[in-house]
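Participant: My file is query.cif. It has mmCIF, C-alpha atoms:
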```cif
data_work
loop_
_atom_site.label_atom_id
_atom_site.label_comp_id
_atom_site.auth_asym_id
_atom_site.auth_seq_id
_atom_site.Cartn_x
_atom_site.Cartn_y
_atom_site.Cartn_z
CA MET A 1 40.35 78.38 71.57
CA ASP A 2 43.10 77.60 69.12
CA LEU A 3 43.71 78.84 65.62
CA SER A 4 42.03 77.22 62.63
CA LEU A 5 43.25 77.68 59.09
CA SER A 6 41.87 76.53 55.77
CA THR A 7 42.71 77.58 52.25
CA ARG A 8 40.85 77.44 48.96
CA THR A 9 41.42 78.81 45.49
CA VAL A 10 38.99 81.22 43.84
CA GLY A 11 40.15 82.13 40.32
CA ASP A 12 43.68 83.47 40.67
CA ARG A 13 43.19 84.26 44.36
CA THR A 14 43.95 82.09 47.34
CA VAL A 15 41.53 82.54 50.20
CA VAL A 16 42.85 81.79 53.68
CA GLU A 17 40.03 81.39 56.17
CA VAL A 18 41.24 82.06 59.70
CA GLY A 19 39.30 81.22 62.84
CA GLY A 20 39.94 81.48 66.57
CA GLU A 21 42.58 83.57 68.30
CA ILE A 22 45.64 85.04 66.62
CA ASP A 23 48.08 85.86 69.39
CA VAL A 24 51.72 85.41 70.38
CA TYR A 25 51.19 81.64 70.69
CA THR A 26 49.22 80.93 67.51
CA ALA A 27 50.61 83.60 65.15
CA PRO A 28 53.60 81.43 64.11
CA LYS A 29 51.13 78.93 62.57
CA LEU A 30 49.58 81.67 60.46
CA ARG A 31 53.05 82.88 59.48
CA GLU A 32 54.02 79.36 58.36
CA GLN A 33 50.84 79.08 56.31
CA LEU A 34 51.40 82.40 54.54
CA VAL A 35 55.07 81.65 53.88
CA GLU A 36 54.16 78.24 52.47
CA LEU A 37 51.52 79.71 50.17
CA VAL A 38 53.93 82.30 48.81
CA ASN A 39 56.69 79.71 48.39
CA ASP A 40 54.23 77.60 46.41
CA GLY A 41 53.60 80.50 44.05
CA ASN A 42 50.35 81.91 45.47
CA PHE A 43 50.91 85.66 45.31
CA HIS A 44 47.33 86.96 45.51
CA LEU A 45 45.99 86.24 48.95
CA VAL A 46 42.70 87.03 50.61
CA VAL A 47 42.73 86.52 54.37
CA ASP A 48 39.21 86.03 55.67
CA MET A 49 39.16 87.20 59.30
CA GLU A 50 35.43 86.80 59.92
CA GLY A 51 35.99 83.83 62.23
CA VAL A 52 38.72 85.54 64.25
CA ASP A 53 37.81 86.15 67.90
CA PHE A 54 41.01 87.83 68.97
CA LEU A 55 43.87 89.55 67.19
CA ASP A 56 46.93 91.15 68.77
CA SER A 57 50.01 92.95 67.49
CA THR A 58 51.83 89.66 66.89
CA GLY A 59 49.05 88.76 64.46
CA LEU A 60 49.31 92.18 62.83
CA GLY A 61 53.05 91.59 62.44
CA VAL A 62 52.41 88.31 60.65
CA LEU A 63 49.94 89.96 58.26
CA VAL A 64 52.42 92.75 57.51
CA GLY A 65 55.09 90.08 56.91
CA GLY A 66 52.73 88.31 54.50
CA LEU A 67 52.10 91.56 52.66
CA LYS A 68 55.84 92.16 52.28
CA ARG A 69 56.28 88.65 50.85
CA VAL A 70 53.52 88.89 48.25
CA ARG A 71 54.57 92.39 47.24
CA ALA A 72 58.02 91.06 46.44
CA HIS A 73 56.24 89.05 43.72
CA GLU A 74 53.93 91.87 42.57
CA GLY A 75 51.17 90.16 44.51
CA SER A 76 48.44 91.35 46.87
CA LEU A 77 47.09 90.62 50.32
CA ARG A 78 43.52 91.64 51.03
CA LEU A 79 41.61 91.23 54.25
CA VAL A 80 37.96 90.45 54.84
CA CYS A 81 36.66 91.78 58.14
CA ASN A 82 33.41 93.25 59.43
CA GLN A 83 34.07 92.91 63.13
CA GLU A 84 34.40 96.26 64.86
CA ARG A 85 36.65 94.93 67.65
CA ILE A 86 39.15 93.64 65.08
CA LEU A 87 38.89 96.65 62.75
CA LYS A 88 39.65 98.91 65.70
CA ILE A 89 43.10 97.32 66.07
CA PHE A 90 43.88 98.03 62.41
CA ARG A 91 42.74 101.61 62.90
CA ILE A 92 44.76 102.43 66.01
CA THR A 93 47.90 101.05 64.42
CA GLY A 94 47.31 102.90 61.15
CA LEU A 95 47.23 99.63 59.21
CA THR A 96 43.91 100.45 57.56
CA LYS A 97 46.08 102.50 55.18
CA VAL A 98 48.28 99.50 54.46
CA PHE A 99 45.74 96.74 53.92
CA PRO A 100 42.74 96.82 51.64
CA ILE A 101 39.91 95.66 53.95
CA HIS A 102 36.77 94.25 52.38
CA THR A 103 33.35 93.35 53.71
CA SER A 104 33.06 90.01 51.92
CA VAL A 105 35.26 87.37 50.31
CA GLU A 106 33.39 87.94 47.03
CA GLU A 107 34.26 91.63 47.09
CA ALA A 108 37.91 90.93 47.94
CA VAL A 109 38.25 88.32 45.20
CA ALA A 110 36.71 90.66 42.61
CA ALA A 111 38.85 93.65 43.65
CA THR A 112 41.68 94.94 41.53
CA ASP A 113 44.00 97.87 42.29
CA MET B 114 47.76 94.78 97.86
CA ALA B 115 46.75 93.35 94.52
CA THR B 116 43.36 91.66 94.29
CA VAL B 117 44.85 88.87 92.18
CA GLU B 118 48.46 88.19 91.28
CA LEU B 119 49.73 85.94 88.55
CA ARG B 120 53.21 84.67 87.85
CA PHE B 121 53.73 82.61 84.75
CA SER B 122 56.69 81.09 82.94
CA ALA B 123 57.69 83.30 80.03
CA LEU B 124 56.01 81.12 77.39
CA PRO B 125 53.58 82.31 74.69
CA GLU B 126 50.97 79.67 75.56
CA HIS B 127 50.36 81.24 78.98
CA VAL B 128 49.53 84.69 77.66
CA ARG B 129 45.99 83.60 76.87
CA THR B 130 45.51 82.49 80.48
CA ALA B 131 46.63 85.92 81.68
CA ARG B 132 44.13 87.56 79.31
CA LEU B 133 41.26 85.42 80.56
CA VAL B 134 42.05 85.98 84.24
CA ALA B 135 42.53 89.71 83.78
CA ALA B 136 39.21 90.06 81.96
CA ALA B 137 37.41 88.03 84.62
CA VAL B 138 38.83 90.10 87.50
CA ALA B 139 38.19 93.36 85.62
CA ARG B 140 34.56 92.38 85.12
CA ARG B 141 34.14 91.65 88.83
CA ALA B 142 35.81 94.95 89.69
CA GLY B 143 33.15 96.81 87.74
CA VAL B 144 34.98 97.68 84.53
CA ASP B 145 32.40 98.44 81.84
CA GLU B 146 31.53 95.46 79.62
CA ALA B 147 32.26 97.55 76.53
CA VAL B 148 35.83 98.09 77.71
CA LEU B 149 36.61 94.46 78.61
CA ASP B 150 37.77 93.73 75.06
CA GLU B 151 40.31 96.51 75.43
CA VAL B 152 41.46 95.21 78.81
CA ARG B 153 41.93 91.75 77.31
CA LEU B 154 43.89 93.07 74.35
CA ALA B 155 46.03 95.47 76.38
CA VAL B 156 47.02 92.90 79.00
CA GLY B 157 47.75 90.40 76.23
CA GLU B 158 50.02 92.91 74.52
CA ALA B 159 51.86 93.72 77.73
CA CYS B 160 52.31 90.02 78.57
CA SER B 161 53.41 89.10 75.01
CA ARG B 162 55.98 91.86 75.18
CA ALA B 163 57.25 90.66 78.58
CA VAL B 164 57.46 87.05 77.34
CA GLY B 165 59.43 88.19 74.31
CA LEU B 166 61.80 90.26 76.43
CA HIS B 167 62.44 87.37 78.84
CA GLN B 168 62.99 84.91 76.02
CA ASN B 169 65.32 87.21 74.12
CA SER B 170 67.38 87.89 77.21
CA GLY B 171 67.38 84.25 78.37
CA ILE B 172 65.70 85.12 81.66
CA SER B 173 64.10 82.18 83.46
CA ALA B 174 62.15 84.31 85.95
CA PRO B 175 58.37 84.40 85.54
CA VAL B 176 56.39 87.31 84.14
CA LYS B 177 54.37 89.04 86.86
CA VAL B 178 50.86 90.38 86.51
CA ALA B 179 49.10 92.25 89.30
CA LEU B 180 45.39 92.97 89.03
CA ILE B 181 44.51 95.74 91.43
CA GLU B 182 41.06 96.83 92.43
CA GLU B 183 41.07 100.37 93.76
CA GLU B 184 38.46 102.92 94.59
CA LYS B 185 36.91 104.02 91.28
CA GLN B 186 39.56 102.34 89.16
CA PHE B 187 41.00 99.00 88.17
CA SER B 188 44.71 98.71 87.40
CA ILE B 189 46.88 96.09 85.83
CA GLU B 190 50.64 95.97 86.24
CA VAL B 191 52.73 93.73 84.03
CA GLY B 192 56.32 93.44 85.12
CA ASP B 193 59.32 91.94 83.40
CA GLU B 194 62.89 91.48 84.57
CA ALA B 195 64.63 92.10 81.27
CA PRO B 196 67.37 94.68 81.02
CA HIS B 197 65.88 97.29 78.71
CA ALA B 198 67.82 98.79 75.90
CA THR B 199 68.14 102.53 75.97
CA PRO B 200 67.07 104.42 72.82
CA GLY B 201 70.70 104.97 71.73
CA ASP B 202 71.56 101.25 71.63
CA THR B 203 72.21 99.78 68.21
CA PRO B 204 70.34 96.58 67.40
CA GLY B 205 72.59 93.65 66.47
CA ALA B 206 71.30 91.12 63.98
CA GLN B 207 68.52 91.62 61.42
CA ASP B 208 66.19 89.52 63.55
CA GLY B 209 66.75 92.05 66.30
CA ASP B 210 65.16 94.70 64.14
CA ALA B 211 62.03 92.62 63.59
CA GLU B 212 61.75 91.94 67.32
CA ILE B 213 62.11 95.60 68.16
CA GLU B 214 59.43 96.45 65.60
CA GLU B 215 57.03 93.92 67.14
CA ASP B 216 57.79 95.23 70.60
CA GLU B 217 56.99 98.75 69.46
CA MET B 218 53.80 97.62 67.75
CA GLY B 219 52.65 96.08 71.04
CA LEU B 220 53.28 99.34 72.85
CA ALA B 221 51.56 101.25 70.05
CA VAL B 222 48.45 99.11 70.51
CA ILE B 223 48.52 99.61 74.28
CA SER B 224 48.87 103.37 74.06
CA GLY B 225 46.17 103.49 71.40
CA LEU B 226 43.78 101.51 73.59
CA VAL B 227 44.43 102.71 77.11
CA ASP B 228 44.16 106.36 78.13
CA ASP B 229 45.86 105.86 81.46
CA VAL B 230 49.12 104.01 80.86
CA GLU B 231 52.57 104.35 82.37
CA VAL B 232 55.65 102.57 81.09
CA THR B 233 58.75 102.49 83.26
CA THR B 234 61.94 100.76 82.23
CA GLY B 235 65.32 100.28 83.77
CA HIS B 236 68.32 98.05 83.49
CA ASP B 237 66.77 95.45 85.82
CA GLY B 238 63.31 95.29 84.30
CA GLY B 239 60.25 97.17 83.19
CA LEU B 240 56.70 97.73 84.28
CA ILE B 241 53.58 98.64 82.34
CA ARG B 242 50.78 100.02 84.47
CA MET B 243 47.35 100.50 82.92
CA SER B 244 44.19 101.75 84.60
CA TRP B 245 40.52 101.86 83.74
CA PRO B 246 37.66 103.55 85.58
CA THR B 247 35.12 101.33 87.34
CA THR B 248 31.46 101.87 87.94
CA PRO B 249 30.45 101.30 91.56
CA PRO B 250 27.69 98.73 92.10
CA ALA B 251 24.22 100.26 91.65
CA ALA B 252 23.31 99.48 95.27
CA ALA B 253 25.95 101.91 96.53
CA LEU B 254 24.37 104.82 94.69
CA VAL B 255 21.70 106.00 97.09
#
```
Output the file's structure in the form of structure tokens.
Facilitator:
Amino acid sequence: MDLSLSTRTVGDRTVVEVGGEIDVYTAPKLREQLVELVNDGNFHLVVDMEGVDFLDSTGLGVLVGGLKRVRAHEGSLRLVCNQERILKIFRITGLTKVFPIHTSVEEAVAATD
Amino acid sequence: MATVELRFSALPEHVRTARLVAAAVARRAGVDEAVLDEVRLAVGEACSRAVGLHQNSGISAPVKVALIEEEKQFSIEVGDEAPHATPGDTPGAQDGDAEIEEDEMGLAVISGLVDDVEVTTGHDGGLIRMSWPTTPPAAALV
């Protein structure tokens, strides 16, 4: 299972739909995608993780890197995730305090700080 | 002796293979289904870390994974041959900092997931040993 990525724009937000496995092999592709979006001026990102089967610390590192990039432009990076196995990884690393995690894309898109 | 041993070139694309094999052997050994996700993640973290260490140190030796079925427990050992930095060492370039952070995040995930984990490091390599309890087959419980 490889990584699948697709992006779409909803209002002023850019939704990145991620599917498959985010690990040490595939994480660079996600990093490239996030860097490209920020370089193109998309500073409010919603990363939809509902199709993600596996996430490791390399993937977490990429998401944290994305957050640092958008914050440099007063932007935001929100996650959409309902899967317990994935949420658990955010919890044990304390990243639930760093990322706003939403239950649906609609909720994430509508959210403001 | 290990039930199954793996040696793979220190390349990111092989980490997934190690995860799949480890989960399959763990299942056969009687590790609870609910814990298999943790086994998969922990072994992936340990292997990713070893791959990173080999690549950063330019080591061509393979990463070693031993899957060991024991009485009442299943253990996984992931060994690398990288010379490990001691806590007092100063990281060089900026990239070095990022790598060290990722390395630590991997270890943080492992220690958060696995109750029984032992990390040993030396100048000629490191070893992460993780163990999980197994349930004996129902037939053995008379």
Participant: Evaluated on this file, the PyMOL selection byres ((chain B) within 9 of (chain A)) picks out some residues - which ones are they, written as number ranges by chain?
Facilitator: B: 124-129, 150-151, 154-155, 157-158, 161, 214-216, 218-222, 225-226
Participant: Would you mind listing what lies within 8 Å of stretch 180-183 of chain B as a PyMOL selection string, with all atoms listed in the file counted and same-chain residues fewer than 3 positions away left out?
Facilitator: chain B and resi 114-118+135+138-139+142+186-190
Participant: What is the atom CA of B:Ile223 to atom CA of B:Glu194 distance in Å?
Facilitator: 19.5 Å
Participant: Report the distance between atom CA of A:Arg8 and atom CA of A:His44 in Å, rounded to one decimal place.
Facilitator: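 Separation of atom CA of A:Arg8 and atom CA of A:His44: 12.0 Å.
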Participant: Have a look at B:Ile172, B:Glu217, B:Pro246, B:Ala159 and name the one nearest to B:Arg140; count only C-alpha atoms.
Facilitator: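 Among the listed residues, B:Pro246 lies closest to B:Arg140.
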Participant: So how far away is atom CA of B:Val178 from atom CA of B:Val191, in Å?
Facilitator: 4.6 Å
Participant: Any idea what's packed within 12 Å of B:Asp237, counting only C-alpha atoms, ignoring anything in its chain fewer than 4 positions away? Could you give it as a PyMOL selection string?
Facilitator: chain B and resi 166-167+170+172+192-198+233
Participant: Suppose a student applies the PyMOL selection byres ((chain A and resi 103) around 10) to this structure; what residues should they get, written as a ChimeraX atom specification?
Facilitator: /A:48,50,79-83,101-102,104-108
Participant: I need the residue nearest A:Val38 from this list: A:Gly75, A:Pro100, A:Gly11, A:Gly19. Use only C-alpha atoms for the distance.
Facilitator: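 The shortest atom-to-atom distance to A:Val38 comes from A:Gly75.
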Participant: Write out as a ChimeraX atom specification which residues come within 10 Å of B:Ala137 when counting all atoms listed in the file, dropping same-chain ones fewer than 5 positions away.
Facilitator: /B:131-132,142,144,149,153
